[in-house]
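Just entry09.tsv here, TSV, C-alpha atoms:
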chain	number	residue	atom	x	y	z
A	15	MET	CA	-23.83	31.70	3.61
A	16	LEU	CA	-23.78	35.06	5.40
A	17	ALA	CA	-20.97	33.93	7.71
A	18	LEU	CA	-18.93	32.82	4.72
A	19	GLN	CA	-19.49	36.14	2.95
A	20	LEU	CA	-18.49	38.12	6.05
A	21	ALA	CA	-15.35	36.00	6.48
A	22	HIS	CA	-14.49	36.56	2.82
A	23	ARG	CA	-14.80	40.35	3.14
A	24	LYS	CA	-12.42	40.37	6.11
A	25	GLN	CA	-9.87	38.05	4.49
A	26	LYS	CA	-6.78	39.76	3.07
A	27	ASP	CA	-4.89	36.63	2.02
A	28	LYS	CA	-5.95	35.69	-1.52
A	29	ARG	CA	-5.34	31.98	-0.96
A	30	LEU	CA	-7.56	31.87	2.10
A	31	ALA	CA	-10.15	33.99	0.32
A	32	ASP	CA	-10.19	31.42	-2.50
A	33	ARG	CA	-11.03	28.70	0.01
A	34	LEU	CA	-14.07	30.66	1.15
A	35	LYS	CA	-15.15	31.36	-2.43
A	36	VAL	CA	-14.97	27.62	-3.16
A	37	ILE	CA	-17.62	26.95	-0.50
A	38	LEU	CA	-19.79	29.83	-1.69
A	39	CYS	CA	-19.70	28.48	-5.26
A	40	LEU	CA	-20.46	24.92	-4.18
A	41	ASN	CA	-23.38	26.14	-2.04
A	42	LYS	CA	-24.83	27.75	-5.17
A	43	GLY	CA	-24.86	24.37	-6.90
A	44	LEU	CA	-21.69	24.57	-8.98
A	45	SER	CA	-19.70	21.37	-9.39
A	46	TYR	CA	-16.11	20.99	-8.27
A	47	ALA	CA	-14.94	21.27	-11.87
A	48	GLN	CA	-17.03	24.39	-12.50
A	49	THR	CA	-15.84	25.97	-9.25
A	50	ALA	CA	-12.20	25.25	-9.99
A	51	ASP	CA	-12.54	26.60	-13.53
A	52	LEU	CA	-14.29	29.76	-12.35
A	53	LEU	CA	-11.74	30.51	-9.62
A	54	LEU	CA	-8.71	29.41	-11.67
A	55	LEU	CA	-7.88	26.64	-9.20
A	56	ASP	CA	-7.25	22.94	-9.64
A	57	ASP	CA	-10.00	20.44	-8.85
A	58	ASN	CA	-8.10	18.95	-5.91
A	59	THR	CA	-7.78	22.36	-4.21
A	60	ALA	CA	-11.54	22.82	-4.39
A	61	ARG	CA	-12.19	19.37	-2.95
A	62	THR	CA	-9.65	19.91	-0.16
A	63	ALA	CA	-11.26	23.22	0.81
A	64	TYR	CA	-14.70	21.62	0.99
A	65	GLU	CA	-13.40	18.68	3.06
A	66	LEU	CA	-11.76	21.14	5.47
A	67	TYR	CA	-15.00	23.13	5.77
A	68	LYS	CA	-17.12	20.03	6.22
A	69	THR	CA	-14.94	18.55	8.97
A	70	GLN	CA	-13.78	21.69	10.82
A	71	GLY	CA	-15.89	24.66	9.77
A	72	ILE	CA	-15.16	28.20	8.62
A	73	GLU	CA	-12.33	28.76	11.09
A	74	ALA	CA	-10.23	26.05	9.48
A	75	LEU	CA	-10.59	27.77	6.08
A	76	THR	CA	-9.09	31.01	7.38
A	77	GLN	CA	-5.85	29.57	8.85
A	78	PHE	CA	-2.92	27.78	7.27
A	79	ASN	CA	-1.69	26.31	10.53
A	80	TYR	CA	-5.01	24.86	11.63
A	81	CYS	CA	-4.93	21.34	13.09
A	82	ALA	CA	-4.94	18.63	10.45
A	83	PRO	CA	-8.41	17.18	9.91
A	84	LYS	CA	-9.22	13.70	11.01
A	85	GLY	CA	-8.33	11.22	8.33
A	86	TYR	CA	-4.75	12.40	7.79
A	87	LEU	CA	-1.81	10.34	8.98
A	88	SER	CA	-0.79	10.87	12.58
A	89	GLU	CA	2.77	11.88	13.47
A	90	ASP	CA	3.65	8.28	14.38
A	91	GLU	CA	2.11	6.99	11.15
A	92	GLU	CA	4.13	9.52	9.14
A	93	LYS	CA	7.33	8.30	10.83
A	94	SER	CA	6.34	4.72	10.06
A	95	LEU	CA	5.65	5.58	6.42
A	96	SER	CA	8.95	7.43	6.12
A	97	ALA	CA	10.86	4.42	7.48
A	98	HIS	CA	9.03	2.14	5.04
A	99	LEU	CA	9.86	4.34	2.04
A	100	GLU	CA	13.54	4.42	2.97
A	101	LYS	CA	13.61	0.62	2.65
A	102	HIS	CA	11.26	0.17	-0.31
A	103	LEU	CA	11.43	1.96	-3.66
A	104	TYR	CA	8.21	3.03	-5.39
A	105	ALA	CA	8.20	4.35	-8.94
A	106	TYR	CA	4.67	5.79	-8.83
A	107	SER	CA	2.80	8.00	-6.35
A	108	LYS	CA	-0.36	5.96	-6.86
A	109	ASP	CA	1.41	2.86	-5.48
A	110	ILE	CA	2.25	4.79	-2.31
A	111	GLN	CA	-1.35	5.98	-2.23
A	112	HIS	CA	-2.51	2.34	-2.23
A	113	TYR	CA	0.05	1.38	0.43
A	114	ILE	CA	-1.19	4.18	2.73
A	115	GLN	CA	-4.80	3.16	2.20
A	116	ASN	CA	-4.13	-0.55	2.83
A	117	THR	CA	-1.78	-0.02	5.78
A	118	TYR	CA	-3.30	2.95	7.62
A	119	GLN	CA	-6.86	2.96	6.21
A	120	VAL	CA	-6.42	6.61	5.23
A	121	GLU	CA	-7.33	7.90	1.77
A	122	TYR	CA	-5.13	10.46	0.02
A	123	THR	CA	-5.39	11.77	-3.51
A	124	VAL	CA	-2.31	11.24	-5.69
A	125	GLU	CA	-1.57	14.97	-5.41
A	126	GLY	CA	-2.00	14.73	-1.66
A	127	VAL	CA	0.54	11.91	-1.56
A	128	ARG	CA	3.06	14.04	-3.48
A	129	LYS	CA	2.64	16.91	-1.04
A	130	LEU	CA	3.01	14.51	1.88
A	131	LEU	CA	6.22	13.05	0.40
A	132	ASP	CA	7.60	16.54	-0.14
A	133	ARG	CA	6.91	17.42	3.49
A	134	LEU	CA	8.57	14.20	4.66
A	135	GLY	CA	11.72	15.09	2.70
A	136	PHE	CA	11.40	12.75	-0.30
A	137	VAL	CA	12.14	13.83	-3.87
A	138	TYR	CA	11.56	12.09	-7.20
A	139	LYS	CA	14.90	11.39	-8.86
A	140	ARG	CA	16.90	8.68	-10.56
A	141	THR	CA	18.49	5.86	-8.60
A	142	LYS	CA	22.26	5.41	-8.74
A	143	HIS	CA	23.96	2.47	-10.45
A	144	LEU	CA	26.46	0.46	-8.37
A	145	PRO	CA	28.19	-2.86	-9.05
A	146	GLY	CA	26.29	-5.71	-7.42
A	147	LYS	CA	29.54	-7.44	-6.38
A	148	GLY	CA	30.69	-4.67	-4.04
A	149	ASP	CA	31.61	-6.00	-0.57
A	150	VAL	CA	29.92	-3.75	1.98
A	151	GLN	CA	32.16	-4.76	4.87
A	152	LYS	CA	35.35	-4.12	2.90
A	153	GLN	CA	34.01	-0.78	1.72
A	154	GLN	CA	33.17	0.26	5.27
A	155	GLU	CA	36.64	-0.81	6.43
A	156	PHE	CA	38.18	1.28	3.66
A	157	ILE	CA	36.16	4.33	4.68
A	158	LYS	CA	37.33	3.90	8.28
A	159	THR	CA	40.94	3.69	7.09
A	160	TYR	CA	40.43	6.73	4.83
A	161	ARG	CA	38.99	8.80	7.69
A	162	GLU	CA	41.96	7.86	9.89
A	163	LEU	CA	44.41	8.78	7.12
A	164	LYS	CA	42.67	12.10	6.62
A	165	ALA	CA	42.84	12.88	10.34
A	166	GLN	CA	46.45	11.77	10.88
A	167	LYS	CA	48.25	12.93	7.72
A	168	GLY	CA	50.93	15.58	7.97
A	169	LYS	CA	50.32	19.27	7.34
A	170	GLU	CA	51.96	19.18	3.91
A	171	ASP	CA	50.53	15.78	2.94
A	172	GLU	CA	47.64	15.55	0.48
A	173	ILE	CA	45.13	12.87	-0.56
A	174	TYR	CA	44.32	12.27	-4.23
A	175	PHE	CA	41.75	10.06	-5.96
A	176	MET	CA	43.07	8.67	-9.25
A	177	ASP	CA	41.37	7.03	-12.24
A	178	GLY	CA	41.26	7.06	-16.02
A	179	VAL	CA	38.49	8.02	-18.43
A	180	HIS	CA	38.12	7.25	-22.16
A	181	PRO	CA	35.64	9.71	-23.72
A	182	LEU	CA	34.51	8.76	-27.22
A	183	HIS	CA	34.14	11.30	-30.02
A	184	ASN	CA	30.38	10.99	-30.22
A	185	SER	CA	27.36	12.78	-28.85
A	186	ILE	CA	25.49	11.38	-25.85
A	187	PRO	CA	21.69	11.91	-25.95
A	188	ALA	CA	20.38	13.17	-22.62
A	189	ASN	CA	17.29	14.74	-21.09
A	190	GLY	CA	16.29	18.29	-21.98
A	191	TRP	CA	13.24	20.54	-22.07
A	192	ILE	CA	11.40	19.88	-25.33
A	193	LYS	CA	8.03	21.31	-26.34
A	194	LYS	CA	5.20	18.84	-25.93
A	195	GLY	CA	4.45	16.91	-29.12
A	196	GLN	CA	7.86	17.63	-30.65
A	197	GLU	CA	11.06	15.60	-30.88
A	198	LYS	CA	14.67	16.72	-30.76
A	199	ALA	CA	17.59	14.82	-32.31
A	200	ILE	CA	21.33	15.13	-31.72
A	201	LYS	CA	23.70	14.34	-34.58
A	202	ALA	CA	25.94	11.31	-34.10
A	203	ASN	CA	29.48	10.63	-35.32
A	204	THR	CA	30.37	7.44	-37.13
A	205	GLY	CA	33.99	7.31	-35.96
A	206	ARG	CA	35.38	5.45	-32.96
A	207	GLN	CA	38.14	7.86	-32.00
A	208	ARG	CA	38.52	8.55	-28.30
A	209	MET	CA	40.70	10.38	-25.80
A	210	ASN	CA	42.55	8.67	-22.97
A	211	ILE	CA	42.89	10.74	-19.82
A	212	ASN	CA	44.48	9.65	-16.57
A	213	GLY	CA	43.62	12.01	-13.73
A	214	ALA	CA	43.92	12.71	-10.02
A	215	CYS	CA	41.83	15.04	-7.91
A	216	ASN	CA	42.52	16.57	-4.52
A	217	ALA	CA	39.05	16.88	-2.96
A	218	ALA	CA	40.21	19.04	-0.04
A	219	LYS	CA	41.75	21.69	-2.30
A	220	ALA	CA	39.41	21.17	-5.28
A	221	GLU	CA	42.36	20.63	-7.61
A	222	VAL	CA	42.58	18.36	-10.66
A	223	ILE	CA	45.70	17.09	-12.46
A	224	ILE	CA	45.34	15.21	-15.74
A	225	GLU	CA	47.66	13.37	-18.13
A	226	GLU	CA	46.45	12.80	-21.69
A	227	SER	CA	48.15	10.00	-23.61
A	228	GLU	CA	47.69	7.54	-26.46
A	229	THR	CA	46.64	4.90	-23.96
A	230	ILE	CA	46.34	4.60	-20.20
A	231	ASN	CA	48.98	2.25	-18.87
A	232	ALA	CA	51.82	2.10	-16.36
A	233	GLN	CA	53.91	4.57	-18.38
A	234	SER	CA	51.14	7.20	-18.54
A	235	THR	CA	50.55	6.68	-14.82
A	236	VAL	CA	54.21	7.41	-14.12
A	237	ALA	CA	53.86	10.58	-16.21
A	238	LEU	CA	50.86	11.57	-14.07
A	239	PHE	CA	52.86	10.92	-10.88
A	240	GLU	CA	55.59	13.21	-12.21
A	241	LYS	CA	53.06	16.00	-12.78
A	242	MET	CA	51.57	15.50	-9.33
A	243	GLN	CA	54.96	15.79	-7.62
A	244	LEU	CA	55.76	18.97	-9.52
A	245	HIS	CA	52.37	20.34	-8.47
A	246	GLN	CA	53.01	19.37	-4.83
A	247	PRO	CA	56.76	19.71	-4.15
A	248	GLN	CA	56.53	18.96	-0.42
A	249	GLY	CA	54.87	16.27	1.69
A	250	ILE	CA	53.45	12.83	0.96
A	251	LEU	CA	51.03	12.24	-1.89
A	252	HIS	CA	48.50	9.64	-0.75
A	253	VAL	CA	46.98	8.33	-3.99
A	254	ILE	CA	43.76	6.29	-3.86
A	255	ALA	CA	43.14	4.14	-6.95
A	256	ASP	CA	41.10	1.21	-8.17
A	257	ASN	CA	42.55	-2.20	-9.03
A	258	ALA	CA	43.39	-1.62	-12.69
A	259	ARG	CA	46.25	-3.89	-13.76
A	260	TYR	CA	48.58	-1.04	-14.75
A	261	TYR	CA	48.27	0.49	-11.25
A	262	ARG	CA	49.52	-2.83	-9.82
A	263	SER	CA	52.21	-3.36	-12.43
A	264	LYS	CA	55.88	-4.01	-11.73
A	265	LEU	CA	56.83	-0.65	-13.27
A	266	ILE	CA	54.54	1.24	-10.86
A	267	ALA	CA	55.82	-0.76	-7.87
A	268	GLU	CA	59.41	0.06	-8.80
A	269	TYR	CA	58.59	3.73	-9.36
A	270	ILE	CA	56.93	4.06	-5.96
A	271	ARG	CA	59.90	2.31	-4.32
A	272	ASP	CA	62.20	4.93	-5.85
A	273	HIS	CA	59.82	7.83	-5.10
A	274	PRO	CA	58.70	7.35	-1.47
A	275	ARG	CA	56.63	10.54	-1.48
A	276	ILE	CA	54.05	8.61	-3.53
A	277	GLN	CA	52.00	6.24	-1.36
A	278	LEU	CA	49.43	4.18	-3.24
A	279	HIS	CA	46.23	3.00	-1.52
A	280	PHE	CA	43.88	0.59	-3.30
A	281	LEU	CA	40.10	0.63	-3.16
A	282	PRO	CA	38.20	-2.60	-2.48
A	283	PRO	CA	37.18	-4.44	-5.69
A	284	TYR	CA	34.01	-3.18	-7.46
A	285	SER	CA	33.96	0.13	-5.58
A	286	PRO	CA	33.63	3.03	-8.06
A	287	ASN	CA	31.25	4.60	-5.53
A	288	LEU	CA	34.26	5.24	-3.28
A	289	ASN	CA	36.39	6.94	-5.92
A	290	LEU	CA	35.56	10.65	-5.85
A	291	ILE	CA	37.10	11.30	-9.27
A	292	GLU	CA	34.24	9.28	-10.82
A	293	ARG	CA	32.03	12.27	-10.00
A	294	LEU	CA	34.42	14.53	-11.92
A	295	TRP	CA	34.19	12.30	-14.99
A	296	LYS	CA	30.40	12.38	-14.81
A	297	PHE	CA	30.50	16.17	-14.46
A	298	TYR	CA	32.80	16.37	-17.49
A	299	LYS	CA	30.45	14.28	-19.62
A	300	LYS	CA	27.42	16.30	-18.54
A	301	GLU	CA	29.12	19.61	-19.37
A	302	THR	CA	30.93	18.54	-22.53
A	303	LEU	CA	29.29	15.48	-24.12
A	304	TYR	CA	25.59	15.35	-23.20
A	305	ASN	CA	23.49	16.69	-26.09
A	306	ARG	CA	26.65	18.08	-27.72
A	307	TYR	CA	27.79	17.40	-31.28
A	308	TYR	CA	31.36	18.05	-32.45
A	309	GLU	CA	31.93	17.80	-36.18
A	310	THR	CA	35.62	16.96	-35.87
A	311	VAL	CA	37.88	15.22	-33.39
A	312	ASP	CA	39.82	18.46	-32.95
A	313	GLU	CA	36.64	20.27	-31.89
A	314	PHE	CA	35.89	17.45	-29.45
A	315	LYS	CA	39.39	17.61	-27.97
A	316	LYS	CA	39.29	21.40	-27.75
A	317	ALA	CA	36.02	21.29	-25.79
A	318	THR	CA	37.54	18.70	-23.44
A	319	HIS	CA	40.66	20.80	-22.85
A	320	LEU	CA	38.54	23.92	-22.23
A	321	PHE	CA	36.54	22.04	-19.60
A	322	PHE	CA	39.58	20.92	-17.63
A	323	ASP	CA	41.24	24.33	-18.00
A	324	SER	CA	38.10	25.96	-16.56
A	325	LEU	CA	38.23	23.94	-13.34
A	326	LYS	CA	40.82	26.20	-11.72
A	327	ASN	CA	38.14	28.93	-11.69
A	328	ARG	CA	35.36	26.65	-10.42
A	329	LYS	CA	36.60	25.80	-6.93
A	330	ILE	CA	33.21	26.20	-5.25
A	331	GLU	CA	31.52	23.82	-7.71
A	332	LEU	CA	34.33	21.29	-7.36
A	333	LYS	CA	34.32	21.33	-3.56
A	334	SER	CA	30.58	20.69	-3.58
A	335	LEU	CA	30.99	17.92	-6.15
A	336	LEU	CA	33.89	16.20	-4.37
A	337	GLN	CA	32.57	16.10	-0.81
A	338	ASP	CA	33.70	12.81	0.70
A	339	GLN	CA	30.26	11.43	1.46
A	340	PHE	CA	30.04	7.96	-0.03
A	341	TYR	CA	27.27	5.68	-1.36
A	342	PHE	CA	27.17	2.05	-0.32
A	343	PRO	CA	25.66	-1.02	-2.04
A	344	HIS	CA	23.66	-1.88	1.10
A	345	LEU	CA	21.58	1.23	0.38
A	346	CYS	CA	20.53	-0.29	-2.95
A	347	PHE	CA	17.07	-1.61	-3.73
A	348	SER	CA	17.11	-5.10	-5.23
In structure tokens, what does this structure look like?
Amino acid sequence: MLALQLAHRKQKDKRLADRLKVILCLNKGLSYAQTADLLLLDDNTARTAYELYKTQGIEALTQFNYCAPKGYLSEDEEKSLSAHLEKHLYAYSKDIQHYIQNTYQVEYTVEGVRKLLDRLGFVYKRTKHLPGKGDVQKQQEFIKTYRELKAQKGKEDEIYFMDGVHPLHNSIPANGWIKKGQEKAIKANTGRQRMNINGACNAAKAEVIIEESETINAQSTVALFEKMQLHQPQGILHVIADNARYYRSKLIAEYIRDHPRIQLHFLPPYSPNLNLIERLWKFYKKETLYNRYYETVDEFKKATHLFFDSLKNRKIELKSLLQDQFYFPHLCFS
């Protein structure tokens, strides 16, 4: 007791001092819950401090970088666990807790597992949705071809990712911070009116060109090509697109034949994960449609136009969003 009191008097770091006070309180007969309540700590912190004191003594309580007590995973075991978690998806920390206990015979609290995962570089977030029919080999071949094109293109040549989006005039409920015990509702529209936007983005320059029309078809695609060539008067425009029928139409083939500056490159089937403009559409929906209600179609269209107009002043955000790092189906969990 005296040694603990002396160590506490010398300790200037409040967090380390709390560790020592935990042991002093427990030695006086207080429970973990009482100790945690008295010191304004959580129960797990009190238990961890006592376990550290019991296994390694006072010295371990007064250092943050003290050697990990026996019973924690070794460095090799942590590497093994990390490799396992990269291949297997767990929805709950307690399931990882059970896996660690069954595999390594080491007991962690659920909170301890979360701290371990954080240290190993894992975060809790949503999985991504990819078409199950995507051909991994064809996607990898496309990426190789894309990298070669990027490295070998001329100084005035540019690469664009092209696709269409059809936003509906209706609100999209999404996550948000809501006070516990309360509910929040977003008004919905009963109409089915939508916009049709064909777009192309230059990831390297963080530039976006859009063409709004009554419908997205070969004619609206030609109109987009015209805008793109006005925007880039010199060099080749390498345009990467999916396999929509209007992109492969006779009209488009004839237009490209007569306008050799446009070179069209097609993505493998079922590969939205390779089309960078898909990220722009998601960004647009998040900024403009999620948890947003527009009374009229005109208000909805105005908000959409304001978003796309704002992009010329958001180059840093766009460059971060459009980095050409791609997700592959073989990284999916079945």
Taking only residues of region 117-181 of chain A that have an atom at most 12 Å from an atom of region 298-314 of chain A, what is each one's shortest atom pair and its distance in Å to one decimal, using all atoms listed in the file, in chain and number order, as CSV?
residue,atom,partner,partner_atom,distance
A:Val179,CA,A:Tyr298,CA,10.1
A:His180,CA,A:Lys299,CA,10.7
A:Pro181,CA,A:Lys299,CA,8.0
Å distance separating CA of Asp177 (chain A) from CA of Glu268 (chain A), one decimal place: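 Taking CA of Asp177 (chain A) and CA of Glu268 (chain A), their separation equals 19.6 Å.
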Region 129-143 of chain A surroundings by all atoms listed in the file, 8 Å radius, close-in-sequence under 2 positions cut, as a list of chain:residue names: A:Glu92, A:Ser96, A:Glu125, A:Gly126, A:Val127, A:Pro145
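Closest approach to Lys329 (chain A) among A:Ala217, A:Glu240, A:Asn231, A:His245 is made by A:Ala217 (distances from only C-alpha atoms).
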Length of the CA of Leu40 (chain A) to CA of Lys68 (chain A) vector [Å]: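 A separation of 12.0 Å between them.
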Point (-21.6, 26.6, 1.9) neighbourhood (12 Å, all atoms listed in the file) written as number ranges by chain: A: 15-19, 33-44, 63-68, 71-72, 75
Keeping C-alpha atoms for every residue in the selection just given, could you write it to a file as a PDB file, in the coordinates of the input?
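File written: out_30.pdb
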ATOM      1  CA  MET A  15     -23.830  31.700   3.610  1.00  0.00           C
ATOM      2  CA  LEU A  16     -23.780  35.060   5.400  1.00  0.00           C
ATOM      3  CA  ALA A  17     -20.970  33.930   7.710  1.00  0.00           C
ATOM      4  CA  LEU A  18     -18.930  32.820   4.720  1.00  0.00           C
ATOM      5  CA  GLN A  19     -19.490  36.140   2.950  1.00  0.00           C
ATOM      6  CA  ARG A  33     -11.030  28.700   0.010  1.00  0.00           C
ATOM      7  CA  LEU A  34     -14.070  30.660   1.150  1.00  0.00           C
ATOM      8  CA  LYS A  35     -15.150  31.360  -2.430  1.00  0.00           C
ATOM      9  CA  VAL A  36     -14.970  27.620  -3.160  1.00  0.00           C
ATOM     10  CA  ILE A  37     -17.620  26.950  -0.500  1.00  0.00           C
ATOM     11  CA  LEU A  38     -19.790  29.830  -1.690  1.00  0.00           C
ATOM     12  CA  CYS A  39     -19.700  28.480  -5.260  1.00  0.00           C
ATOM     13  CA  LEU A  40     -20.460  24.920  -4.180  1.00  0.00           C
ATOM     14  CA  ASN A  41     -23.380  26.140  -2.040  1.00  0.00           C
ATOM     15  CA  LYS A  42     -24.830  27.750  -5.170  1.00  0.00           C
ATOM     16  CA  GLY A  43     -24.860  24.370  -6.900  1.00  0.00           C
ATOM     17  CA  LEU A  44     -21.690  24.570  -8.980  1.00  0.00           C
ATOM     18  CA  ALA A  63     -11.260  23.220   0.810  1.00  0.00           C
ATOM     19  CA  TYR A  64     -14.700  21.620   0.990  1.00  0.00           C
ATOM     20  CA  GLU A  65     -13.400  18.680   3.060  1.00  0.00           C
ATOM     21  CA  LEU A  66     -11.760  21.140   5.470  1.00  0.00           C
ATOM     22  CA  TYR A  67     -15.000  23.130   5.770  1.00  0.00           C
ATOM     23  CA  LYS A  68     -17.120  20.030   6.220  1.00  0.00           C
ATOM     24  CA  GLY A  71     -15.890  24.660   9.770  1.00  0.00           C
ATOM     25  CA  ILE A  72     -15.160  28.200   8.620  1.00  0.00           C
ATOM     26  CA  LEU A  75     -10.590  27.770   6.080  1.00  0.00           C
TER      27      LEU A  75
END
Spatial neighbours of Ser234 (chain A), 12 Å, all atoms listed in the file, chain gap at least 2 places, as a PyMOL selection string: chain A and resi 177-178+210-213+224-232+236-241+260-261+265-266
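Computed from the coordinates, the CA of Pro187 (chain A) to CA of Lys201 (chain A) distance equals 9.2 Å.
Shortest separation to Ser88 (chain A) among A:Ala47, A:Val120, A:Arg61, A:Arg275 occurs at residue A:Val120, atoms counted being all atoms listed in the file.
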For Met242 (chain A): contacts at 12 Å, all atoms listed in the file, fewer than 5 positions along chain excluded, given as an NGL selection string: :A and (172-176 or 212-216 or 221-225 or 235-237 or 247-253 or 275-276)
For the selection you just gave me, I'd like the residues written to a file as an mmCIF file, in the coordinates of the input, keeping C-alpha atoms.
data_model
loop_
_atom_site.group_PDB
_atom_site.id
_atom_site.type_symbol
_atom_site.label_atom_id
_atom_site.label_comp_id
_atom_site.auth_asym_id
_atom_site.auth_seq_id
_atom_site.Cartn_x
_atom_site.Cartn_y
_atom_site.Cartn_z
ATOM 1 C CA GLU A 172 47.640 15.550 0.480
ATOM 2 C CA ILE A 173 45.130 12.870 -0.560
ATOM 3 C CA TYR A 174 44.320 12.270 -4.230
ATOM 4 C CA PHE A 175 41.750 10.060 -5.960
ATOM 5 C CA MET A 176 43.070 8.670 -9.250
ATOM 6 C CA ASN A 212 44.480 9.650 -16.570
ATOM 7 C CA GLY A 213 43.620 12.010 -13.730
ATOM 8 C CA ALA A 214 43.920 12.710 -10.020
ATOM 9 C CA CYS A 215 41.830 15.040 -7.910
ATOM 10 C CA ASN A 216 42.520 16.570 -4.520
ATOM 11 C CA GLU A 221 42.360 20.630 -7.610
ATOM 12 C CA VAL A 222 42.580 18.360 -10.660
ATOM 13 C CA ILE A 223 45.700 17.090 -12.460
ATOM 14 C CA ILE A 224 45.340 15.210 -15.740
ATOM 15 C CA GLU A 225 47.660 13.370 -18.130
ATOM 16 C CA THR A 235 50.550 6.680 -14.820
ATOM 17 C CA VAL A 236 54.210 7.410 -14.120
ATOM 18 C CA ALA A 237 53.860 10.580 -16.210
ATOM 19 C CA PRO A 247 56.760 19.710 -4.150
ATOM 20 C CA GLN A 248 56.530 18.960 -0.420
ATOM 21 C CA GLY A 249 54.870 16.270 1.690
ATOM 22 C CA ILE A 250 53.450 12.830 0.960
ATOM 23 C CA LEU A 251 51.030 12.240 -1.890
ATOM 24 C CA HIS A 252 48.500 9.640 -0.750
ATOM 25 C CA VAL A 253 46.980 8.330 -3.990
ATOM 26 C CA ARG A 275 56.630 10.540 -1.480
ATOM 27 C CA ILE A 276 54.050 8.610 -3.530
#
